[in-house]
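**Student:** target.txt is reproduced below (compact mmCIF, C-alpha atoms and all ligand atoms).
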# COMPACT_ATOMS: atom_id res chain seq x y z
CA MET A 1185 51.88 7.69 -10.73
CA GLU A 1186 49.13 7.07 -8.18
CA PRO A 1187 50.46 6.36 -4.67
CA LEU A 1188 50.11 2.69 -3.77
CA SER A 1189 47.40 1.89 -1.24
CA SER A 1190 48.54 0.64 2.14
CA SER A 1191 46.96 -2.72 1.35
CA PHE A 1192 49.58 -3.20 -1.40
CA PHE A 1193 52.18 -3.73 1.28
CA GLU A 1194 50.04 -5.81 3.62
CA PHE A 1195 48.60 -8.47 1.33
CA THR A 1196 50.08 -10.98 -1.08
CA MET A 1197 48.95 -10.41 -4.66
CA LEU A 1198 46.51 -13.18 -5.52
CA LYS A 1199 45.32 -14.93 -8.65
CA LEU A 1200 41.55 -14.97 -8.27
CA LEU A 1201 38.94 -16.80 -10.31
CA PHE A 1202 35.42 -15.37 -9.84
CA LEU A 1203 32.59 -17.70 -10.91
CA SER A 1204 29.47 -15.64 -11.57
CA THR A 1205 25.77 -16.28 -11.14
CA PRO A 1206 24.41 -18.78 -13.71
CA VAL A 1207 20.91 -17.24 -14.02
CA GLY A 1208 21.95 -14.86 -16.82
CA PRO A 1209 24.92 -12.94 -18.25
CA LEU A 1210 26.68 -10.33 -16.15
CA GLY A 1211 25.23 -6.95 -17.10
CA SER A 1212 21.78 -8.34 -17.99
CA GLY A 1213 20.28 -7.49 -14.58
CA ILE A 1214 18.66 -10.92 -14.31
CA GLY A 1215 21.07 -11.83 -11.52
CA GLY A 1216 20.10 -8.77 -9.46
CA GLY A 1217 22.46 -7.13 -6.97
CA VAL A 1218 25.11 -9.84 -7.00
CA GLU A 1219 26.04 -8.75 -10.54
CA LEU A 1220 26.94 -5.26 -9.32
CA THR A 1221 28.77 -6.59 -6.27
CA LEU A 1222 30.85 -8.99 -8.39
CA VAL A 1223 31.71 -6.33 -10.98
CA ASN A 1224 32.68 -3.76 -8.33
CA LEU A 1225 34.78 -6.25 -6.43
CA ALA A 1226 36.52 -7.62 -9.54
CA GLN A 1227 37.42 -4.09 -10.63
CA GLU A 1228 38.63 -3.07 -7.18
CA MET A 1229 40.72 -6.19 -6.68
CA SER A 1230 42.40 -5.83 -10.05
CA GLN A 1231 42.97 -2.14 -9.35
CA ARG A 1232 44.85 -3.24 -6.22
CA GLY A 1233 47.13 -5.43 -8.30
CA HIS A 1234 45.47 -8.83 -7.91
CA GLN A 1235 45.00 -10.87 -11.06
CA VAL A 1236 41.28 -11.44 -11.55
CA THR A 1237 39.45 -13.55 -14.12
CA VAL A 1238 35.66 -13.62 -14.18
CA VAL A 1239 33.78 -16.62 -15.55
CA GLY A 1240 30.20 -15.90 -16.61
CA PRO A 1241 27.46 -17.06 -18.95
CA GLU A 1242 27.91 -16.16 -22.63
CA GLY A 1243 27.10 -12.47 -23.21
CA SER A 1244 28.60 -11.34 -19.90
CA THR A 1245 30.26 -7.92 -19.95
CA ILE A 1246 32.69 -6.30 -17.52
CA ASN A 1247 35.12 -3.46 -18.16
CA HIS A 1248 38.86 -3.68 -17.44
CA VAL A 1249 38.75 -7.29 -16.18
CA SER A 1250 39.33 -10.46 -18.18
CA CYS A 1251 36.10 -12.39 -18.69
CA GLN A 1252 35.73 -16.01 -19.81
CA GLU A 1253 32.28 -16.50 -21.34
CA ILE A 1254 30.76 -19.96 -21.08
CA SER A 1255 27.83 -21.27 -23.13
CA GLY A 1256 24.96 -23.35 -21.84
CA THR A 1257 21.45 -23.15 -20.48
CA TRP A 1258 20.90 -20.64 -17.65
CA GLN A 1259 19.71 -21.78 -14.24
CA GLU A 1260 16.11 -21.00 -13.35
CA MET A 1261 15.75 -18.23 -10.77
CA ILE A 1262 15.11 -19.86 -7.43
CA GLN A 1263 13.58 -17.00 -5.45
CA ASN A 1264 10.14 -18.60 -5.58
CA ASN A 1265 11.22 -22.12 -4.72
CA HIS A 1266 9.59 -23.85 -1.76
CA ARG A 1267 11.50 -25.31 1.17
CA ASP A 1268 11.26 -28.79 -0.36
CA THR A 1269 11.95 -27.90 -4.02
CA PRO A 1270 14.51 -30.42 -5.32
CA ILE A 1271 17.80 -29.55 -7.02
CA ILE A 1272 17.27 -28.75 -10.69
CA LEU A 1273 19.90 -28.64 -13.43
CA PRO A 1274 18.89 -28.22 -17.09
CA GLU A 1275 20.48 -30.09 -19.98
CA ASN A 1276 23.83 -28.51 -20.97
CA SER A 1277 23.76 -26.44 -17.78
CA VAL A 1278 25.85 -23.26 -17.89
CA LEU A 1279 26.43 -23.70 -14.15
CA GLY A 1280 27.90 -27.17 -14.75
CA ASN A 1281 29.95 -25.87 -17.70
CA MET A 1282 31.33 -22.92 -15.71
CA TRP A 1283 32.43 -25.18 -12.87
CA ASP A 1284 33.91 -27.66 -15.32
CA TYR A 1285 35.99 -24.77 -16.68
CA GLY A 1286 36.97 -23.82 -13.11
CA ARG A 1287 38.07 -27.40 -12.42
CA ARG A 1288 40.27 -27.44 -15.53
CA VAL A 1289 42.07 -24.14 -14.79
CA GLN A 1290 42.12 -24.29 -10.96
CA ALA A 1291 45.89 -24.92 -10.79
CA ASN A 1292 46.47 -21.39 -12.17
CA TYR A 1293 44.65 -19.69 -9.27
CA ASP A 1294 45.21 -19.14 -5.56
CA LEU A 1295 41.50 -18.91 -4.82
CA ILE A 1296 38.19 -19.57 -6.55
CA VAL A 1297 35.29 -17.34 -5.49
CA ASN A 1298 31.77 -18.62 -6.00
CA PHE A 1299 28.98 -16.06 -6.52
CA ALA A 1300 26.28 -18.59 -7.51
CA PHE A 1301 23.48 -19.20 -5.04
CA ASP A 1302 23.13 -22.82 -6.07
CA TRP A 1303 23.71 -26.36 -4.93
CA LEU A 1304 26.37 -27.55 -7.37
CA PRO A 1305 29.34 -25.31 -6.35
CA PHE A 1306 28.93 -26.36 -2.71
CA TYR A 1307 28.60 -30.02 -3.64
CA LEU A 1308 31.77 -29.78 -5.78
CA THR A 1309 33.89 -28.03 -3.13
CA PRO A 1310 35.55 -31.18 -1.66
CA PHE A 1311 36.43 -32.39 -5.16
CA PHE A 1312 38.52 -29.31 -5.97
CA ASP A 1313 42.20 -28.86 -5.06
CA ALA A 1314 42.05 -25.04 -5.10
CA PRO A 1315 40.44 -23.39 -2.06
CA ILE A 1316 36.93 -22.04 -2.71
CA ALA A 1317 35.33 -19.00 -1.05
CA HIS A 1318 31.53 -18.89 -1.32
CA PHE A 1319 29.82 -15.50 -1.36
CA ILE A 1320 26.13 -16.13 -0.64
CA SER A 1321 23.88 -13.43 -2.06
CA MET A 1322 20.44 -14.41 -0.70
CA GLY A 1323 18.85 -15.60 2.51
CA SER A 1324 17.85 -19.23 3.03
CA ILE A 1325 15.46 -20.55 0.39
CA THR A 1326 15.42 -24.36 0.25
CA ASP A 1327 16.31 -27.14 2.69
CA ALA A 1328 18.51 -28.85 0.10
CA PHE A 1329 20.62 -25.70 -0.36
CA ASP A 1330 20.87 -25.13 3.39
CA GLU A 1331 22.03 -28.69 3.93
CA ILE A 1332 24.85 -28.58 1.38
CA MET A 1333 25.96 -25.08 2.44
CA ASN A 1334 25.96 -26.19 6.08
CA ARG A 1335 28.15 -29.17 5.21
CA VAL A 1336 30.69 -26.88 3.52
CA ALA A 1337 30.52 -24.32 6.34
CA ILE A 1338 31.41 -26.99 8.90
CA LYS A 1339 34.07 -28.79 6.84
CA TYR A 1340 35.74 -25.59 5.55
CA PRO A 1341 35.28 -22.99 8.30
CA LYS A 1342 35.42 -19.31 7.32
CA THR A 1343 34.87 -19.99 3.62
CA ILE A 1344 31.28 -18.66 3.66
CA GLY A 1345 30.73 -14.94 3.17
CA VAL A 1346 27.41 -13.07 3.27
CA TYR A 1347 26.20 -9.50 2.94
CA THR A 1348 24.55 -8.89 6.33
CA HIS A 1349 23.81 -10.26 9.81
CA SER A 1350 20.08 -10.54 9.08
CA GLN A 1351 20.84 -12.61 5.98
CA ALA A 1352 23.24 -14.85 7.97
CA GLU A 1353 20.55 -15.41 10.59
CA THR A 1354 18.38 -17.23 8.04
CA PHE A 1355 20.98 -20.04 7.83
CA PRO A 1356 21.84 -22.82 10.32
CA PHE A 1357 25.54 -21.85 10.04
CA ASN A 1358 24.94 -18.16 10.83
CA SER A 1359 27.58 -17.94 13.55
CA ILE A 1360 30.43 -18.82 11.20
CA CYS A 1361 29.62 -16.49 8.29
CA ARG A 1362 31.92 -13.64 7.34
CA ILE A 1363 29.86 -10.43 7.07
CA LEU A 1364 31.10 -8.51 4.03
CA GLY A 1365 28.48 -5.89 3.16
CA SER A 1366 28.66 -4.19 -0.22
CA GLY A 1367 30.16 -1.10 -1.83
CA LEU A 1368 30.05 1.12 -4.88
CA ASP A 1369 32.28 3.09 -7.20
CA LEU A 1370 31.02 6.36 -5.73
CA SER A 1371 32.62 8.38 -8.52
CA LEU A 1372 29.85 7.06 -10.80
CA TYR A 1373 27.06 8.42 -8.56
CA ASN A 1374 26.35 12.16 -8.60
CA TYR A 1375 24.90 13.87 -5.56
CA CYS A 1376 21.59 15.59 -6.38
CA ASP A 1377 20.40 18.23 -3.90
CA THR A 1378 17.21 19.33 -5.64
CA PRO A 1379 14.90 16.45 -6.52
CA ASN A 1380 11.71 16.53 -8.53
CA ASN A 1381 8.40 15.53 -7.04
CA TYR A 1382 8.81 11.82 -7.85
CA LEU A 1383 9.31 8.70 -5.79
CA ALA A 1384 11.52 5.83 -6.95
CA TRP A 1385 11.33 2.08 -6.77
CA VAL A 1386 14.32 0.10 -8.08
CA GLY A 1387 14.87 -3.63 -8.45
CA ARG A 1388 13.94 -6.87 -10.13
CA ILE A 1389 10.20 -6.87 -10.72
CA ALA A 1390 9.29 -10.10 -8.95
CA PRO A 1391 6.89 -11.06 -6.10
CA GLU A 1392 9.50 -11.11 -3.31
CA LYS A 1393 10.07 -7.38 -3.88
CA ALA A 1394 6.37 -6.44 -3.38
CA LEU A 1395 6.30 -3.54 -5.82
CA GLU A 1396 2.52 -3.38 -5.29
CA ASP A 1397 3.05 -1.89 -1.81
CA ALA A 1398 5.07 1.01 -3.24
CA ILE A 1399 2.44 1.61 -5.93
CA GLU A 1400 -0.32 1.66 -3.35
CA ALA A 1401 1.59 4.13 -1.17
CA ALA A 1402 2.29 6.37 -4.20
CA GLU A 1403 -1.41 6.28 -5.06
CA ARG A 1404 -2.39 7.33 -1.54
CA VAL A 1405 -0.03 10.33 -1.48
CA ASN A 1406 -0.63 11.03 -5.17
CA ILE A 1407 3.05 11.42 -6.04
CA PRO A 1408 4.31 9.74 -9.25
CA LEU A 1409 6.39 6.59 -8.71
CA LYS A 1410 9.19 5.89 -11.20
CA ILE A 1411 9.98 2.19 -11.49
CA PHE A 1412 13.45 1.10 -12.64
CA GLY A 1413 14.49 -2.49 -13.16
CA LYS A 1414 14.28 -5.75 -15.01
CA VAL A 1415 10.93 -7.53 -15.23
CA THR A 1416 11.98 -11.02 -14.18
CA ASP A 1417 8.42 -12.26 -13.53
CA GLU A 1418 6.18 -11.17 -16.41
CA GLU A 1419 3.00 -12.71 -14.97
CA TYR A 1420 3.47 -10.84 -11.69
CA TRP A 1421 4.05 -7.57 -13.57
CA GLN A 1422 0.90 -8.02 -15.67
CA THR A 1423 -1.11 -8.69 -12.52
CA ILE A 1424 0.15 -5.44 -11.00
CA ARG A 1425 -0.78 -3.53 -14.14
CA GLN A 1426 -4.31 -4.94 -14.00
CA ASN A 1427 -4.72 -4.31 -10.28
CA TYR A 1428 -3.61 -0.66 -10.31
CA PRO A 1429 -5.07 0.83 -13.51
CA HIS A 1430 -5.15 4.42 -12.19
CA ALA A 1431 -2.12 4.57 -9.88
CA PRO A 1432 0.45 7.28 -10.69
CA TYR A 1433 3.38 5.03 -11.66
CA GLU A 1434 5.59 4.83 -14.72
CA TYR A 1435 7.76 1.91 -15.74
CA GLU A 1436 10.99 3.54 -16.93
CA GLY A 1437 12.98 0.40 -17.89
CA PHE A 1438 16.31 -1.19 -16.99
CA PHE A 1439 19.38 1.07 -17.09
CA ASN A 1440 23.12 0.73 -16.66
CA THR A 1441 24.63 2.27 -13.50
CA VAL A 1442 25.44 5.65 -15.03
CA GLU A 1443 21.97 6.11 -16.52
CA LEU A 1444 20.22 4.71 -13.45
CA GLN A 1445 21.93 7.02 -10.96
CA GLU A 1446 21.10 10.06 -13.08
CA ARG A 1447 17.38 9.24 -12.95
CA LEU A 1448 17.34 7.94 -9.38
CA GLY A 1449 19.11 11.05 -8.08
CA GLN A 1450 16.20 13.23 -9.20
CA CYS A 1451 13.71 11.39 -6.97
CA LYS A 1452 12.54 12.54 -3.53
CA ALA A 1453 12.92 9.10 -1.94
CA LEU A 1454 13.47 5.44 -2.73
CA LEU A 1455 10.78 3.04 -1.52
CA MET A 1456 12.04 -0.44 -0.58
CA THR A 1457 9.26 -2.89 0.09
CA PRO A 1458 10.73 -6.41 0.14
CA ARG A 1459 8.43 -9.16 1.36
CA TRP A 1460 11.40 -11.51 1.92
CA VAL A 1461 14.53 -11.10 4.04
CA GLU A 1462 16.48 -8.99 1.56
CA ALA A 1463 20.13 -10.10 1.84
CA PHE A 1464 21.42 -6.57 1.36
CA GLY A 1465 19.73 -4.26 -1.12
CA ASN A 1466 22.35 -2.65 -3.32
CA VAL A 1467 19.68 -0.22 -4.48
CA ALA A 1468 19.58 1.28 -0.98
CA ILE A 1469 23.24 2.32 -1.07
CA GLU A 1470 22.93 3.47 -4.68
CA ALA A 1471 20.12 5.81 -3.62
CA LEU A 1472 22.12 7.09 -0.64
CA ALA A 1473 25.10 7.72 -2.94
CA CYS A 1474 22.89 10.06 -5.00
CA GLY A 1475 21.59 11.81 -1.86
CA VAL A 1476 18.23 10.04 -2.03
CA PRO A 1477 16.69 9.04 1.35
CA VAL A 1478 15.46 5.47 1.66
CA ILE A 1479 12.06 4.52 3.08
CA ALA A 1480 12.31 0.78 3.75
CA TYR A 1481 10.55 -1.98 5.59
CA GLN A 1482 12.45 -2.79 8.75
CA ARG A 1483 13.58 -6.29 7.85
CA GLY A 1484 16.69 -7.80 6.28
CA GLY A 1485 19.55 -5.82 4.78
CA PRO A 1486 17.84 -2.41 4.45
CA ALA A 1487 17.27 -2.38 8.21
CA GLU A 1488 21.06 -2.62 8.66
CA ILE A 1489 21.72 0.12 6.10
CA VAL A 1490 19.17 2.90 6.63
CA GLN A 1491 19.79 5.14 9.64
CA ASP A 1492 16.24 5.75 10.82
CA GLN A 1493 15.27 9.46 10.83
CA LYS A 1494 18.72 10.39 9.51
CA THR A 1495 19.14 8.85 6.05
CA GLY A 1496 15.57 7.62 5.66
CA PHE A 1497 12.85 5.85 7.58
CA LEU A 1498 12.51 2.26 8.74
CA ILE A 1499 8.87 1.23 8.54
CA GLU A 1500 6.90 -1.58 10.16
CA PRO A 1501 7.12 -4.37 7.57
CA ASP A 1502 4.22 -4.59 5.11
CA SER A 1503 2.59 -1.38 6.39
CA ILE A 1504 1.40 0.86 3.55
CA SER A 1505 0.31 3.53 6.02
CA GLY A 1506 3.85 3.44 7.44
CA LEU A 1507 5.24 4.09 3.96
CA VAL A 1508 2.80 6.97 3.53
CA GLU A 1509 3.92 8.50 6.82
CA GLY A 1510 7.55 8.19 5.76
CA ILE A 1511 6.82 9.91 2.45
CA ASN A 1512 4.96 12.71 4.23
CA HIS A 1513 7.99 13.40 6.44
CA ILE A 1514 10.68 13.00 3.81
CA ASP A 1515 11.67 16.67 3.82
CA LYS A 1516 13.02 16.17 7.36
CA ILE A 1517 15.87 14.10 5.95
CA GLU A 1518 18.95 15.99 4.80
CA ARG A 1519 20.06 14.62 1.45
CA LYS A 1520 23.70 15.49 2.23
CA GLN A 1521 23.64 13.05 5.16
CA CYS A 1522 22.64 10.28 2.76
CA ARG A 1523 25.61 10.87 0.49
CA GLN A 1524 27.87 11.14 3.55
CA GLN A 1525 26.70 7.74 4.81
CA ALA A 1526 27.47 6.17 1.43
CA GLU A 1527 30.94 7.70 1.46
CA ALA A 1528 31.63 6.58 5.03
CA ASN A 1529 30.43 2.98 4.76
CA TYR A 1530 29.98 1.91 1.15
CA SER A 1531 32.99 3.01 -0.88
CA LEU A 1532 34.90 0.62 -3.15
CA LYS A 1533 37.80 0.92 -0.72
CA ALA A 1534 35.66 -0.29 2.18
CA LEU A 1535 34.35 -3.17 0.05
CA GLY A 1536 37.85 -4.07 -1.19
CA ASP A 1537 39.37 -3.98 2.32
CA ARG A 1538 36.78 -6.37 3.72
CA PHE A 1539 37.04 -8.90 0.89
CA GLU A 1540 40.81 -8.64 0.55
CA SER A 1541 41.32 -9.47 4.20
CA TRP A 1542 38.88 -12.43 3.89
CA PHE A 1543 40.68 -13.78 0.81
CA ASP A 1544 44.04 -13.31 2.50
CA ASP A 1545 42.90 -15.33 5.53
CA LEU A 1546 41.67 -18.14 3.32
CA VAL A 1547 44.79 -18.35 1.20
CA LYS A 1548 47.11 -18.28 4.24
CA ARG A 1549 45.24 -21.25 5.70
N1 LIG A 1601 19.62 -2.27 -11.37
C1 LIG A 1601 20.21 -1.79 -12.53
N2 LIG A 1601 19.45 -1.05 -13.39
C2 LIG A 1601 18.17 -0.75 -13.15
C3 LIG A 1601 17.57 -1.22 -11.97
C4 LIG A 1601 18.32 -1.99 -11.08
O1 LIG A 1601 21.39 -2.03 -12.79
O2 LIG A 1601 17.54 -0.06 -13.97
C5 LIG A 1601 20.44 -3.07 -10.44
C6 LIG A 1601 20.87 -2.28 -9.23
O3 LIG A 1601 22.01 -1.52 -9.53
C7 LIG A 1601 21.16 -3.36 -8.20
C8 LIG A 1601 20.30 -4.53 -8.67
O4 LIG A 1601 19.71 -4.14 -9.90
O5 LIG A 1601 22.52 -3.72 -8.18
C9 LIG A 1601 19.26 -4.93 -7.66
O6 LIG A 1601 19.94 -5.46 -6.57
P1 LIG A 1601 19.45 -5.55 -5.08
O7 LIG A 1601 20.64 -5.92 -4.26
O8 LIG A 1601 18.75 -4.31 -4.67
O9 LIG A 1601 18.39 -6.74 -5.07
P2 LIG A 1601 18.44 -8.26 -5.62
O10 LIG A 1601 18.04 -8.20 -7.06
O11 LIG A 1601 19.85 -8.76 -5.46
O12 LIG A 1601 17.46 -9.01 -4.81
Write out the structure in this file as structure tokens.
Ligand code: UDP
**Tutor:**
Amino acid sequence: MEPLSSSFFEFTMLKLLFLSTPVGPLGSGIGGGVELTLVNLAQEMSQRGHQVTVVGPEGSTINHVSCQEISGTWQEMIQNNHRDTPIILPENSVLGNMWDYGRRVQANYDLIVNFAFDWLPFYLTPFFDAPIAHFISMGSITDAFDEIMNRVAIKYPKTIGVYTHSQAETFPFNSICRILGSGLDLSLYNYCDTPNNYLAWVGRIAPEKALEDAIEAAERVNIPLKIFGKVTDEEYWQTIRQNYPHAPYEYEGFFNTVELQERLGQCKALLMTPRWVEAFGNVAIEALACGVPVIAYQRGGPAEIVQDQKTGFLIEPDSISGLVEGINHIDKIERKQCRQQAEANYSLKALGDRFESWFDDLVKR
């Protein structure tokens, strides 16, 4: 039998209900990094002996954890909303249906954990009897969201968790956020010491990720760029294809973790070019776990992850020539250091410890 982790003795075993993102099923990639964070956390918490149930839109998949699938219309992605965009809920909203399910079963759980970046779960918080922890997966987007989140943050202190300090700073309630970071099942990521002459770009293909900057940099250095990820904005993708007819890039597709890491590991570097304040950037730690250095704009989550000159380069935001310089110096980075950073800071154990202690605090209150 495996020895029990020290946390087994320190924390009460909890019954946890995780309510997923309503923009698409878990495993589809439409929800972006929060899907991976939720899956990793659910698996780690149940491994530690907690009883975890995940509630997600119909079609959601997760191994070794019980999943309640809920039907209904997905929420629109809100990344491109304006500050004054109003709250939108479609007819037969899956978000509404998931929270209705949560309301009905709440008595069976010690804690509900919200992973939806949306208005409704915050609005509903005072109407629930069970305590609710909110894990916020993006920076501030609309005034209406900020207002309702702020209300919850003040009325229920310590119930708001975020990935990073830079993400927290986008909100009015930044000083009372719990910083939780992210983590990976490192056993799924193989270290690759000898890459091919390719660059990688990984993520949702959508304007806030500014894929065009990575393509332009790849064109200038004339090194092929492999693109991995879900096209979540088709119009944006078609515009890129028209604008860069001769650039050396290839769209590889969307892969599960095991397939993605195998391909990503063979690349010389990952380019991260977000135009927005990236809340974290799970793809950065996935690259590091494979031994792939990260060349990222110095804003948001990646700036808190990449160790400049050691596990990659932090570049002046929106500077293509900065990216080019980073690529030209990439051989100065030792790939082993990248893997070591992932092991030191982004293991499942580190992720589980941070969340478990947060949940424990909330339940004890
Ligand atoms: N991803 C994936 N397969 C792919 C490309 C990307 O599973 O082929 C996942 C990746 O593992 C990561 C997510 O897409 O978890 C992107 O998350 P990130 O935190 O980088 O950005 P977000 O989408 O949340 O803005």
**Student:** Which residues are near ligand LIG 1601 (chain A) - at most 9 Å, using all atoms listed in the file? Format: as number ranges by chain.
**Tutor:** A: 1211-1221, 1263, 1321-1322, 1385-1389, 1392-1393, 1411-1414, 1436-1445, 1456, 1458, 1462-1470
**Student:** Identify which of the residues A:Leu1448, A:Ile1360, A:Ile1246, A:Met1333 lies closest to Leu1383 of chain A, counting all atoms listed in the file when measuring atom-to-atom distances.
**Tutor:** A:Leu1448
**Student:** I want to know what sits within 8 Å of segment 1483-1498 of chain A, based on all atoms listed in the file, with residues of the same chain fewer than 6 positions away left out; could you give that as a count of residues only?
**Tutor:** 25
**Student:** Counting all atoms listed in the file, which residues have an atom no more than 9 Å from (31.6, -0.2, 5.0) in the file's coordinates? Please list them as a PyMOL selection string.
**Tutor:** chain A and resi 1364-1367+1526-1535+1538
**Student:** Those selected residues, please, written with C-alpha atoms and delivered as a PDB file, in the frame of the given file.
**Tutor:**
ATOM      1  CA  LEU A1364      31.100  -8.510   4.030  1.00  0.00           C
ATOM      2  CA  GLY A1365      28.480  -5.890   3.160  1.00  0.00           C
ATOM      3  CA  SER A1366      28.660  -4.190  -0.220  1.00  0.00           C
ATOM      4  CA  GLY A1367      30.160  -1.100  -1.830  1.00  0.00           C
ATOM      5  CA  ALA A1526      27.470   6.170   1.430  1.00  0.00           C
ATOM      6  CA  GLU A1527      30.940   7.700   1.460  1.00  0.00           C
ATOM      7  CA  ALA A1528      31.630   6.580   5.030  1.00  0.00           C
ATOM      8  CA  ASN A1529      30.430   2.980   4.760  1.00  0.00           C
ATOM      9  CA  TYR A1530      29.980   1.910   1.150  1.00  0.00           C
ATOM     10  CA  SER A1531      32.990   3.010  -0.880  1.00  0.00           C
ATOM     11  CA  LEU A1532      34.900   0.620  -3.150  1.00  0.00           C
ATOM     12  CA  LYS A1533      37.800   0.920  -0.720  1.00  0.00           C
ATOM     13  CA  ALA A1534      35.660  -0.290   2.180  1.00  0.00           C
ATOM     14  CA  LEU A1535      34.350  -3.170   0.050  1.00  0.00           C
ATOM     15  CA  ARG A1538      36.780  -6.370   3.720  1.00  0.00           C
TER      16      ARG A1538
END
**Student:** Please provide as a short mmCIF file (atom, residue, chain, number, x, y, z; two decimals) with C-alpha atoms, keeping the file's coordinate frame all residues within 7 Å of Ala1401 of chain A, with the sequence filter that same-chain residues fewer than 6 positions apart are discarded (counting all atoms listed in the file).
**Tutor:**
data_model
loop_
_atom_site.label_atom_id
_atom_site.label_comp_id
_atom_site.auth_asym_id
_atom_site.auth_seq_id
_atom_site.Cartn_x
_atom_site.Cartn_y
_atom_site.Cartn_z
CA ILE A 1504 1.40 0.86 3.55
CA LEU A 1507 5.24 4.09 3.96
CA VAL A 1508 2.80 6.97 3.53
#
